[in-house]
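Novice: This is input_21.csv, which holds CSV, C-alpha atoms:
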```csv
chain,number,residue,atom,x,y,z
A,238,MET,CA,184.3,226.9,225.5
A,239,ARG,CA,180.8,226.1,224.4
A,240,LYS,CA,179.8,229.8,224.4
A,241,GLY,CA,182.8,230.6,222.2
A,242,ARG,CA,181.8,227.9,219.7
A,243,SER,CA,178.2,229.2,219.6
A,244,LEU,CA,179.4,232.7,218.9
A,245,GLN,CA,181.6,231.5,216.1
A,246,MET,CA,178.7,229.6,214.6
A,247,VAL,CA,176.5,232.7,214.7
A,248,VAL,CA,179.1,234.9,213.0
A,249,LYS,CA,179.7,232.2,210.4
A,250,MET,CA,176.0,231.8,209.6
A,251,ALA,CA,175.2,235.6,209.6
A,252,PRO,CA,176.0,236.2,205.9
A,253,PHE,CA,174.0,233.1,204.9
A,254,VAL,CA,171.0,234.2,206.9
A,255,LEU,CA,171.2,237.7,205.4
A,256,ARG,CA,171.3,236.3,201.9
A,257,ALA,CA,168.4,234.0,202.6
A,258,LEU,CA,166.3,236.9,203.9
A,259,VAL,CA,167.0,238.9,200.8
A,260,LEU,CA,166.1,236.0,198.5
A,261,SER,CA,162.9,235.5,200.5
A,262,ALA,CA,162.0,239.1,200.0
A,263,LEU,CA,162.6,238.7,196.3
A,264,LEU,CA,160.3,235.7,196.2
A,265,GLY,CA,157.6,237.8,197.8
A,266,LEU,CA,158.0,240.6,195.3
A,267,LEU,CA,157.8,238.1,192.5
A,268,ALA,CA,154.7,236.4,193.8
A,269,GLY,CA,153.0,239.8,194.0
A,270,PRO,CA,152.7,240.7,190.3
A,271,ALA,CA,151.4,237.2,189.4
A,272,GLN,CA,149.0,238.7,186.9
A,273,ALA,CA,152.0,238.8,184.5
A,274,GLY,CA,151.0,235.2,183.8
A,275,SER,CA,147.3,235.8,183.9
A,276,GLU,CA,144.6,233.7,182.2
A,277,GLY,CA,144.3,236.4,179.5
A,278,ARG,CA,147.9,235.8,178.3
A,279,LYS,CA,147.6,232.0,178.1
A,280,GLY,CA,148.2,230.6,174.6
A,281,THR,CA,149.7,233.9,173.2
A,282,ALA,CA,153.4,232.8,173.4
A,283,GLY,CA,155.2,230.9,170.7
A,284,ALA,CA,158.2,228.6,170.4
A,285,MET,CA,156.8,226.3,173.1
A,286,GLU,CA,159.4,223.7,172.3
A,287,LEU,CA,161.7,225.8,174.5
A,288,ARG,CA,159.6,224.8,177.5
A,289,ILE,CA,159.5,221.1,176.9
A,290,PRO,CA,161.8,219.8,179.7
A,291,VAL,CA,164.9,217.8,179.0
A,292,GLY,CA,166.6,215.5,181.5
A,293,ALA,CA,165.0,212.5,183.2
A,294,ARG,CA,166.2,213.4,186.7
A,295,GLY,CA,164.8,216.9,186.5
A,296,GLU,CA,161.5,215.7,185.1
A,297,ALA,CA,161.1,213.1,187.8
A,298,LEU,CA,161.7,215.8,190.4
A,299,GLY,CA,159.0,218.0,188.9
A,300,GLY,CA,161.4,220.7,187.6
A,301,ALA,CA,162.3,221.7,191.2
A,302,VAL,CA,166.1,221.3,190.5
A,303,ALA,CA,167.4,224.7,189.7
A,304,SER,CA,169.3,224.9,193.0
A,305,ASP,CA,171.0,221.5,193.0
A,306,VAL,CA,171.2,220.4,189.3
A,307,THR,CA,174.8,219.6,188.3
A,308,GLY,CA,176.5,218.3,185.2
A,309,ILE,CA,175.1,218.0,181.7
A,310,GLU,CA,171.4,218.2,182.6
A,311,SER,CA,172.1,221.8,183.8
A,312,MET,CA,172.0,223.1,180.3
A,313,PHE,CA,168.2,223.0,180.4
A,314,TRP,CA,167.3,223.5,184.1
A,315,ASN,CA,169.9,226.0,185.2
A,316,PRO,CA,173.1,226.7,183.2
A,317,ALA,CA,175.0,227.6,186.4
A,318,GLY,CA,175.1,223.9,187.4
A,319,LEU,CA,177.3,223.2,184.3
A,320,ALA,CA,180.2,224.7,186.3
A,321,SER,CA,180.5,221.5,188.3
A,322,ILE,CA,181.9,219.6,185.4
A,323,SER,CA,185.6,218.7,185.8
A,324,GLY,CA,186.1,216.7,182.6
A,325,THR,CA,183.7,215.9,179.7
A,326,GLU,CA,180.1,214.8,179.9
A,327,VAL,CA,177.6,213.6,177.3
A,328,LEU,CA,173.8,213.3,177.5
A,329,LEU,CA,171.5,211.5,175.0
A,330,SER,CA,167.8,211.3,175.8
A,331,HIS,CA,164.6,210.3,174.1
A,332,GLN,CA,161.1,211.3,175.2
A,333,ASN,CA,157.7,209.9,174.1
A,334,TYR,CA,155.8,213.1,174.2
A,335,PHE,CA,152.0,213.3,174.1
A,336,ALA,CA,150.0,212.8,170.9
A,337,ASP,CA,152.6,210.4,169.4
A,338,MET,CA,155.2,213.2,169.2
A,339,LYS,CA,158.9,212.4,169.8
A,340,LEU,CA,161.6,214.6,171.4
A,341,ASN,CA,165.3,213.8,171.0
A,342,TYR,CA,168.1,215.6,172.7
A,343,ALA,CA,171.9,215.5,172.6
A,344,GLY,CA,174.3,217.5,174.6
A,345,VAL,CA,178.1,217.6,175.3
A,346,ALA,CA,180.1,219.8,177.6
A,347,ALA,CA,183.7,220.0,178.7
A,348,LYS,CA,186.0,221.9,181.0
A,349,VAL,CA,188.0,224.5,179.2
A,350,GLY,CA,190.7,225.4,181.7
A,351,GLY,CA,190.2,228.7,183.7
A,352,PHE,CA,187.7,229.9,181.1
A,353,GLY,CA,185.0,227.6,182.6
A,354,VAL,CA,182.9,225.0,181.0
A,355,LEU,CA,181.5,225.1,177.5
A,356,GLY,CA,178.6,223.0,176.2
A,357,VAL,CA,176.5,222.6,173.0
A,358,SER,CA,173.1,220.9,172.7
A,359,ALA,CA,170.5,220.1,170.1
A,360,LYS,CA,166.8,219.4,170.8
A,361,VAL,CA,164.4,218.3,168.0
A,362,LEU,CA,160.7,217.9,168.3
A,363,SER,CA,159.1,215.6,165.7
A,364,VAL,CA,155.3,215.8,165.4
A,365,GLY,CA,155.2,213.0,162.8
A,366,ASP,CA,153.5,212.9,159.4
A,367,ILE,CA,150.4,215.0,158.8
A,368,PHE,CA,148.2,213.9,155.9
A,369,VAL,CA,146.7,216.8,154.0
A,370,THR,CA,142.9,216.6,153.6
A,371,THR,CA,140.5,219.1,151.9
A,372,GLU,CA,136.8,219.3,151.4
A,373,ALA,CA,137.3,217.9,147.9
A,374,ALA,CA,139.6,215.2,149.1
A,375,PRO,CA,138.5,214.2,152.6
A,376,ASP,CA,140.6,211.0,152.4
A,377,GLY,CA,143.7,212.9,151.6
A,378,THR,CA,145.3,214.7,148.7
A,379,GLY,CA,148.4,212.5,148.8
A,380,GLU,CA,150.5,215.4,150.3
A,381,ILE,CA,152.3,214.7,153.6
A,382,LEU,CA,153.5,217.4,155.9
A,383,THR,CA,156.4,216.9,158.3
A,384,PRO,CA,156.8,220.0,160.6
A,385,THR,CA,160.0,220.3,162.5
A,386,PHE,CA,160.9,222.3,165.6
A,387,ALA,CA,164.5,222.6,166.7
A,388,VAL,CA,166.5,224.3,169.4
A,389,MET,CA,170.3,224.6,169.1
A,390,GLY,CA,172.1,225.8,172.2
A,391,VAL,CA,175.5,227.0,173.4
A,392,THR,CA,176.2,227.2,177.2
A,393,TRP,CA,179.0,228.7,179.2
A,394,ALA,CA,179.3,228.3,183.0
A,395,ARG,CA,182.0,229.1,185.6
A,396,GLN,CA,182.5,228.6,189.3
A,397,PHE,CA,183.5,232.1,190.5
A,398,THR,CA,184.0,231.1,194.2
A,399,ASP,CA,183.7,227.8,196.1
A,400,ARG,CA,180.1,228.8,196.8
A,401,VAL,CA,178.9,230.7,193.6
A,402,ASN,CA,178.2,229.3,190.1
A,403,PHE,CA,177.0,231.3,187.2
A,404,GLY,CA,176.0,230.2,183.7
A,405,ALA,CA,174.3,231.4,180.5
A,406,THR,CA,172.8,229.7,177.5
A,407,ALA,CA,172.0,231.1,174.0
A,408,ASN,CA,169.4,229.1,172.1
A,409,TYR,CA,168.7,229.5,168.4
A,410,VAL,CA,165.1,228.4,167.8
A,411,THR,CA,163.8,227.4,164.3
A,412,GLU,CA,160.4,226.2,163.3
A,413,ASN,CA,159.5,224.9,159.8
A,414,ILE,CA,155.9,224.2,158.7
A,415,VAL,CA,155.5,223.4,155.0
A,416,ASP,CA,157.6,226.1,153.3
A,417,ASN,CA,157.1,228.6,156.1
A,418,THR,CA,159.8,229.2,158.7
A,419,ALA,CA,160.3,231.2,161.9
A,420,SER,CA,163.5,231.7,163.9
A,421,GLY,CA,164.7,233.6,166.9
A,422,LEU,CA,167.3,233.8,169.7
A,423,ALA,CA,166.5,233.1,173.4
A,424,VAL,CA,168.8,233.5,176.4
A,425,ASP,CA,168.9,231.7,179.7
A,426,PHE,CA,171.0,232.8,182.7
A,427,GLY,CA,171.2,231.4,186.2
A,428,VAL,CA,173.0,231.5,189.5
A,429,GLN,CA,173.6,228.8,192.2
A,430,TYR,CA,174.7,229.5,195.8
A,431,MET,CA,176.0,226.7,198.0
A,432,THR,CA,176.3,226.7,201.8
A,433,ASP,CA,178.0,224.3,204.2
A,434,TRP,CA,174.8,223.8,206.3
A,435,ARG,CA,173.2,220.4,205.5
A,436,GLY,CA,174.0,220.9,201.8
A,437,PHE,CA,171.6,223.8,201.6
A,438,ARG,CA,171.6,225.4,198.1
A,439,ILE,CA,169.8,228.3,196.4
A,440,GLY,CA,169.3,228.7,192.7
A,441,MET,CA,167.8,231.3,190.4
A,442,VAL,CA,167.3,231.1,186.7
A,443,MET,CA,165.7,233.3,184.0
A,444,LYS,CA,164.7,231.3,180.9
A,445,ASN,CA,163.7,232.1,177.3
A,446,TYR,CA,164.3,235.8,177.4
A,447,GLY,CA,164.6,236.8,173.7
A,448,SER,CA,163.4,238.3,170.5
A,449,ALA,CA,160.0,238.1,169.0
A,450,MET,CA,159.4,235.6,166.2
A,451,ASN,CA,157.2,235.5,163.1
A,452,PHE,CA,156.6,233.2,160.2
A,453,SER,CA,157.5,234.0,156.6
A,454,GLY,CA,157.9,232.1,153.4
A,455,PRO,CA,156.0,231.0,150.2
A,456,GLY,CA,152.9,230.2,152.2
A,457,PHE,CA,152.4,234.0,152.7
A,458,GLU,CA,152.5,234.7,149.0
A,459,LEU,CA,149.4,234.9,146.9
A,460,SER,CA,148.9,235.4,143.2
A,461,VAL,CA,145.9,237.7,142.5
A,462,GLN,CA,144.5,239.4,139.4
A,463,ASP,CA,144.2,243.2,139.8
A,464,PRO,CA,140.6,244.0,138.9
A,465,PHE,CA,141.7,247.4,137.5
A,466,GLN,CA,144.3,246.1,135.0
A,467,ASP,CA,144.1,244.3,131.7
A,468,PRO,CA,142.4,240.9,132.1
A,469,ASN,CA,145.1,239.4,129.9
A,470,ALA,CA,148.0,240.7,132.1
A,471,SER,CA,149.9,238.4,134.4
A,472,PRO,CA,148.7,238.1,138.0
A,473,ARG,CA,150.5,240.0,140.7
A,474,LYS,CA,152.2,238.5,143.7
A,475,VAL,CA,151.0,239.7,147.1
A,476,ASN,CA,153.0,239.1,150.3
A,477,TYR,CA,151.3,238.8,153.6
A,478,SER,CA,153.0,238.9,157.0
A,479,SER,CA,152.3,237.0,160.3
A,480,THR,CA,151.9,238.6,163.7
A,481,ASN,CA,154.9,238.5,166.0
A,482,PHE,CA,154.8,236.2,169.0
A,483,GLU,CA,156.9,236.3,172.1
A,484,MET,CA,159.1,233.7,173.8
A,485,PRO,CA,157.6,231.7,176.7
A,486,SER,CA,159.8,233.3,179.4
A,487,TYR,CA,159.7,232.4,183.1
A,488,PHE,CA,161.7,232.9,186.3
A,489,THR,CA,162.5,230.2,188.9
A,490,LEU,CA,163.7,230.6,192.5
A,491,ALA,CA,164.6,227.2,194.1
A,492,SER,CA,166.3,225.7,197.1
A,493,SER,CA,167.3,222.3,198.3
A,494,TYR,CA,168.9,220.7,201.4
A,495,ASN,CA,169.9,217.2,202.8
A,496,VAL,CA,167.1,215.9,205.0
A,497,MET,CA,169.2,212.8,205.8
A,498,GLN,CA,172.8,211.8,205.0
A,499,ASN,CA,175.2,209.1,206.0
A,500,ALA,CA,178.1,207.2,204.5
A,501,GLN,CA,175.8,205.1,202.3
A,502,SER,CA,172.7,207.1,201.5
A,503,LYS,CA,171.2,210.5,201.2
A,504,LEU,CA,167.7,212.0,201.1
A,505,VAL,CA,167.4,215.5,199.4
A,506,ALA,CA,164.3,217.7,199.6
A,507,LEU,CA,163.8,220.3,196.8
A,508,GLY,CA,161.4,223.1,196.3
A,509,SER,CA,160.9,226.0,193.8
A,510,PHE,CA,158.6,228.8,192.9
A,511,GLN,CA,158.2,229.5,189.1
A,512,ASN,CA,156.8,232.8,187.8
A,513,ASN,CA,155.5,232.3,184.2
A,514,ASN,CA,154.8,235.1,181.8
A,515,PHE,CA,152.1,233.3,179.8
A,516,SER,CA,150.4,231.0,182.3
A,517,GLY,CA,149.7,230.6,186.0
A,518,ASP,CA,152.7,230.4,188.4
A,519,ASN,CA,153.8,227.1,189.8
A,520,LEU,CA,154.9,225.7,193.2
A,521,ARG,CA,157.1,222.5,192.9
A,522,GLY,CA,158.6,220.1,195.4
A,523,GLY,CA,160.5,216.8,195.1
A,524,LEU,CA,162.4,214.1,197.0
A,525,GLU,CA,165.4,212.2,195.9
A,526,TRP,CA,166.9,209.2,197.7
A,527,THR,CA,170.3,207.9,196.6
A,528,TYR,CA,172.4,204.9,197.7
A,529,ARG,CA,176.2,205.2,197.3
A,530,ASP,CA,175.7,207.3,194.1
A,531,ILE,CA,174.6,204.1,192.4
A,532,VAL,CA,170.8,203.9,192.7
A,533,ALA,CA,168.4,206.8,192.9
A,534,LEU,CA,164.6,206.9,193.5
A,535,ARG,CA,162.7,210.2,192.8
A,536,GLY,CA,159.3,211.6,193.2
A,537,SER,CA,157.6,215.0,193.0
A,538,TYR,CA,154.5,217.1,193.1
A,539,PHE,CA,153.6,220.5,191.6
A,540,GLY,CA,150.6,222.7,191.3
A,541,THR,CA,149.5,225.9,189.4
A,542,PHE,CA,147.8,229.1,190.4
A,543,ASN,CA,145.0,229.1,187.8
A,544,GLY,CA,143.3,232.4,187.0
A,545,THR,CA,139.6,233.0,186.4
A,546,ILE,CA,138.4,236.2,184.8
A,547,ASP,CA,135.0,237.6,185.9
A,548,ALA,CA,133.1,238.3,182.7
A,549,ALA,CA,131.2,241.2,184.3
A,550,THR,CA,134.0,243.1,186.1
A,551,GLY,CA,137.1,241.8,184.3
A,552,ASP,CA,138.7,241.1,187.6
A,553,GLU,CA,140.9,238.0,187.9
A,554,SER,CA,141.1,235.6,190.8
A,555,PHE,CA,143.6,232.8,191.4
A,556,LYS,CA,143.1,229.3,192.8
A,557,PHE,CA,145.8,226.7,193.4
A,558,GLY,CA,145.3,223.4,191.7
A,559,SER,CA,147.2,220.2,191.1
A,560,GLY,CA,149.3,220.0,187.9
A,561,ASP,CA,148.6,222.2,184.9
A,562,ASP,CA,146.7,222.0,181.6
A,563,LEU,CA,148.9,219.1,180.3
A,564,TYR,CA,150.5,217.3,183.3
A,565,LYS,CA,149.0,215.8,186.4
A,566,GLY,CA,150.6,217.0,189.6
A,567,TRP,CA,153.0,214.2,190.3
A,568,SER,CA,155.8,212.3,188.6
A,569,LEU,CA,158.2,209.5,189.4
A,570,GLY,CA,161.6,208.3,188.3
A,571,ALA,CA,164.8,206.4,189.0
A,572,GLY,CA,168.4,206.4,188.0
A,573,PHE,CA,171.4,204.0,188.0
A,574,ASN,CA,175.1,204.8,187.7
A,575,ALA,CA,178.1,202.6,187.1
A,576,ARG,CA,181.8,203.3,187.1
A,577,LEU,CA,183.8,202.5,184.0
A,578,GLY,CA,187.4,202.5,185.2
A,579,ASP,CA,188.9,205.0,187.7
A,580,THR,CA,187.5,208.2,186.3
A,581,SER,CA,184.7,207.4,183.8
A,582,LYS,CA,181.1,206.8,184.7
A,583,ALA,CA,177.9,205.9,182.8
A,584,GLY,CA,174.3,206.3,183.9
A,585,VAL,CA,170.7,205.7,182.9
A,586,ASP,CA,167.8,207.8,184.2
A,587,PHE,CA,164.0,207.3,183.7
A,588,ALA,CA,161.1,209.6,184.3
A,589,TRP,CA,157.3,209.1,184.1
A,590,ARG,CA,154.9,212.1,184.0
A,591,PRO,CA,151.2,211.3,183.6
A,592,VAL,CA,149.0,213.7,181.6
A,593,GLN,CA,145.7,215.1,182.5
A,594,SER,CA,143.5,213.9,179.6
A,595,GLY,CA,142.8,210.3,179.0
A,596,THR,CA,143.1,211.0,175.2
A,597,PHE,CA,146.9,211.0,175.2
A,598,ASP,CA,149.4,208.5,176.6
A,599,ASP,CA,151.6,209.4,179.5
A,600,ILE,CA,155.0,211.0,178.9
A,601,TYR,CA,158.2,208.9,179.4
A,602,GLU,CA,161.8,209.9,179.1
A,603,VAL,CA,164.9,207.8,179.1
A,604,GLY,CA,168.4,209.4,179.2
A,605,VAL,CA,171.9,208.0,179.0
A,606,HIS,CA,174.8,210.1,180.3
A,607,LEU,CA,178.6,209.5,180.2
A,608,LYS,CA,181.3,211.2,182.2
A,609,PHE,CA,185.0,210.8,181.4
```
Here is the file; what I need is its structure written in the form of C-alpha cells.

Specialist:
Amino acid sequence: MRKGRSLQMVVKMAPFVLRALVLSALLGLLAGPAQAGSEGRKGTAGAMELRIPVGARGEALGGAVASDVTGIESMFWNPAGLASISGTEVLLSHQNYFADMKLNYAGVAAKVGGFGVLGVSAKVLSVGDIFVTTEAAPDGTGEILTPTFAVMGVTWARQFTDRVNFGATANYVTENIVDNTASGLAVDFGVQYMTDWRGFRIGMVMKNYGSAMNFSGPGFELSVQDPFQDPNASPRKVNYSSTNFEMPSYFTLASSYNVMQNAQSKLVALGSFQNNNFSGDNLRGGLEWTYRDIVALRGSYFGTFNGTIDAATGDESFKFGSGDDLYKGWSLGAGFNARLGDTSKAGVDFAWRPVQSGTFDDIYEVGVHLKF
C-alpha cells in the first residue's frame, strides 16, 4: 500500500518537477547575459516613474512578490495575480518619496464574468514647486515650475486553469516639464503557476516594454535672426528636437512557498531574480507571517550586482552588494485586515524602506484596500 502511494506521488509530481527544471534553466540563461544591464547603460533610460513601486505589501517584501501577489496590488507587481479577484477591489495609497516628492496611486478592478478581470489605475508623481533662479536673479525670478509625471494603466487578467494565471497591463506615460511634454506606451505581461505542494508558486513578469519617448513643445522653439537676411525682417522660428529615450524595462522570475502553516498562522518565504536592462541585476528575498488573515508582519532583503568598468581594457566585472543606488538592502512592513459584513473586507498596509544617503528621508508608504 505504501509503495503504491509513493508511486502515485512521483507520477503526480513529475510534471511539476519538469516545469521547475525548465524554469531553472531559463533563470540560468537570463543570468548569463547580465551585461544587458551594465554600468555603461545606467542612467540612460527615461520614464523612471514606471519603476517606482506601488503597494505597501510588495514594498515591505522587497519586490519579491511576483509569484504570490494577488488582488489589486497585482496591477503593478504582476498583472497575472489580478485573476484571483472574485468581486471588486479598490486600492488607494500614498507614498512619501525621497527629496520631499509625493506619489499617489489609485486603482480599481472587478470580475467581468468569463472574460476575466479588468482593472484601471492612475499613478501621479509630484516633485513639488521649483523656484526658477538665474544668474541675474539668484533669489528667484518669481516663476514657479510644477513638473508632473503620470502613468495611467489598464489591466486584464484571467485564470486559464486552476493552476495558471495570465495578465497584461498597458500603461500610458506622460511627463510635463514647463511647456514641454513626452508621452509613450509601455506594456507589462506576466504568468503565475500554482502547485499543491506547500503552496509553492512560480511567477514571471516582463515590465515596461514599450516605445521610445522624446520631449517636444515650446521649450524647443527659438527665435533667431538670419544673419544673411534684411536686419529689419522678422526673426525666424527654429525648432529643435530631443534625443529619444527608452523605457526602463526589466524581467523578474520569482517563487514562493509556505515554510509553516496551521489553522491560525502561516509563514511564507519569497525569492526572486530581477534582470534589469539599465542597471545591475537584483536578488530579492522576503518573509511574511500572517495570523488568521488579520495581522501580517513582513521583512525583506535585496542586493544588486554592481558593475565596474576597467578604464584600461573596457572590461566589466560584477560584485554583489546590499541594496542599490537609492535603497538600502532591507525593508519592513505590516498589515491589518478587518471584515465588513459577510463578503466585504477592508485593510491597511504600511511599508518602510530606508534610503542609502543621509541627505534624504526614508521612504514610507501607506495603502488602504477594500474588497466587496

Novice: Quick one: residues within 6 Å of Leu534 (chain A), only C-alpha atoms, excluding same-chain residues fewer than 3 positions away - as a list in words?

Specialist: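 My reading of the contact set: Glu525, Trp526 and Ala571 of chain A.
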
Novice: Using all atoms listed in the file, can you tell me which of A:Ser420, A:Asn445, A:Asn543, A:Ser321 comes closest to Lys608 (chain A)?

Specialist: A:Ser321

Novice: Using all atoms listed in the file for the distances, tell me which of A:Ala317, A:Met285, A:Ala405, A:Ile381 is nearest to Ile439 (chain A).

Specialist: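 That would be A:Ala317, the residue with the smallest distance to Ile439 (chain A).
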
Novice: Between A:Met441, A:Val357, A:Val364, A:Ala423, which has the minimum distance to Ile309 (chain A) (counting all atoms listed in the file)?

Specialist: A:Val357

Novice: Pick out the residues sitting within 12 Å of Gly351 (chain A), and hand them over as a PyMOL selection string; count only C-alpha atoms, and ignore anything fewer than 6 positions along from it in its own chain.

Specialist: chain A and resi 320+323+394-397

Novice: A:Glu310, A:Asp366, A:Asp530, A:Glu483: which is nearest Val605 (chain A), counting only C-alpha atoms?

Specialist: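 Of the candidates, the smallest distance to Val605 (chain A) is held by A:Glu310.
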
Novice: Using all atoms listed in the file, which residue out of A:Ser492, A:Ser568, A:Gln511, A:Thr406 lies closest to Leu422 (chain A)?

Specialist: A:Thr406

Novice: Could you please determine the separation between CA of Phe426 (chain A) and CA of Trp314 (chain A) in Å, to one decimal place?

Specialist: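 Interatomic distance, CA of Phe426 (chain A) to CA of Trp314 (chain A): 10.1 Å.
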
Novice: To one decimal in Å, tell me the separation between CA of Leu490 (chain A) and CA of Thr411 (chain A).

Specialist: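 Interatomic distance, CA of Leu490 (chain A) to CA of Thr411 (chain A): 28.4 Å.
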
Novice: Determine the nearest neighbour of Thr383 (chain A) from the options A:Ala506, A:Ala548, A:Leu563, A:Met338, counting all atoms listed in the file.

Specialist: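 Closest residue, counting all atoms listed in the file: A:Met338.
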
Novice: Enter the distance from CA of Asp305 (chain A) to CA of Arg288 (chain A), in Å, rounded to one decimal.

Specialist: 19.5 Å

Novice: Please return, as an NGL selection string, all polymer residues that have at least one atom within 8 Å of the point (180.1, 226.3, 180.5); use only C-alpha atoms and the file's own coordinate frame.

Specialist: :A and (316-317 or 319-320 or 346-348 or 353-356 or 392-395 or 404-405)

Novice: Which polymer residues, protein or nucleic acid, are no farther than 10 Å from (162.0, 227.6, 163.2), counting all atoms listed in the file, as a ChimeraX atom specification?

Specialist: /A:284,384-388,409-414,417-421,450-452

Novice: Tell me, as a PyMOL selection string, which residues lie within 9 Å of Thr580 (chain A), counting all atoms listed in the file; anything in the same chain fewer than 3 positions away does not count.

Specialist: chain A and resi 576-577+608-609

Novice: Pick out the residues sitting within 10 Å of region 432-437 of chain A, and hand them over as number ranges by chain; count all atoms listed in the file, and ignore anything fewer than 2 positions along from it in its own chain.

Specialist: A: 250, 253, 304-305, 399-401, 430, 439, 492-498, 505-507

Novice: For Tyr528 (chain A), list every protein, DNA or RNA residue within 8 Å, evaluated using only C-alpha atoms, and leave out those in the same chain fewer than 2 positions away; present the list as a count of residues only.

Specialist: 8

Novice: Put region 467-506 of chain A into a file with C-alpha atoms, as a CSV table (one decimal), in the first residue's frame.

Specialist:
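The result, stored in part03.csv:
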```csv
chain,number,residue,atom,x,y,z
A,467,ASP,CA,17.4,92.0,-44.0
A,468,PRO,CA,18.1,93.3,-40.4
A,469,ASN,CA,14.6,94.8,-40.3
A,470,ALA,CA,12.9,91.5,-41.2
A,471,SER,CA,11.1,89.4,-38.5
A,472,PRO,CA,13.1,86.7,-36.8
A,473,ARG,CA,12.6,83.1,-37.8
A,474,LYS,CA,11.5,80.3,-35.6
A,475,VAL,CA,13.8,77.3,-35.3
A,476,ASN,CA,12.6,74.0,-33.8
A,477,TYR,CA,14.9,71.7,-32.0
A,478,SER,CA,14.3,68.1,-31.1
A,479,SER,CA,15.3,66.0,-28.1
A,480,THR,CA,17.0,62.6,-28.2
A,481,ASN,CA,14.8,59.6,-27.8
A,482,PHE,CA,15.0,57.6,-24.5
A,483,GLU,CA,13.9,54.0,-23.8
A,484,MET,CA,11.6,52.6,-21.2
A,485,PRO,CA,13.2,51.1,-18.1
A,486,SER,CA,12.3,47.5,-18.9
A,487,TYR,CA,13.1,44.5,-16.7
A,488,PHE,CA,12.3,40.8,-16.3
A,489,THR,CA,11.5,39.0,-13.0
A,490,LEU,CA,11.4,35.3,-12.2
A,491,ALA,CA,10.1,34.6,-8.7
A,492,SER,CA,8.9,31.8,-6.4
A,493,SER,CA,7.3,31.3,-3.0
A,494,TYR,CA,6.3,28.6,-0.7
A,495,ASN,CA,4.8,28.0,2.8
A,496,VAL,CA,7.5,27.4,5.3
A,497,MET,CA,4.9,26.8,8.1
A,498,GLN,CA,1.1,26.7,8.0
A,499,ASN,CA,-1.6,25.7,10.5
A,500,ALA,CA,-5.2,26.6,11.2
A,501,GLN,CA,-4.2,30.0,12.7
A,502,SER,CA,-1.0,31.3,11.2
A,503,LYS,CA,1.3,31.0,8.1
A,504,LEU,CA,4.9,31.8,7.3
A,505,VAL,CA,5.7,32.4,3.6
A,506,ALA,CA,9.2,32.6,2.1
```
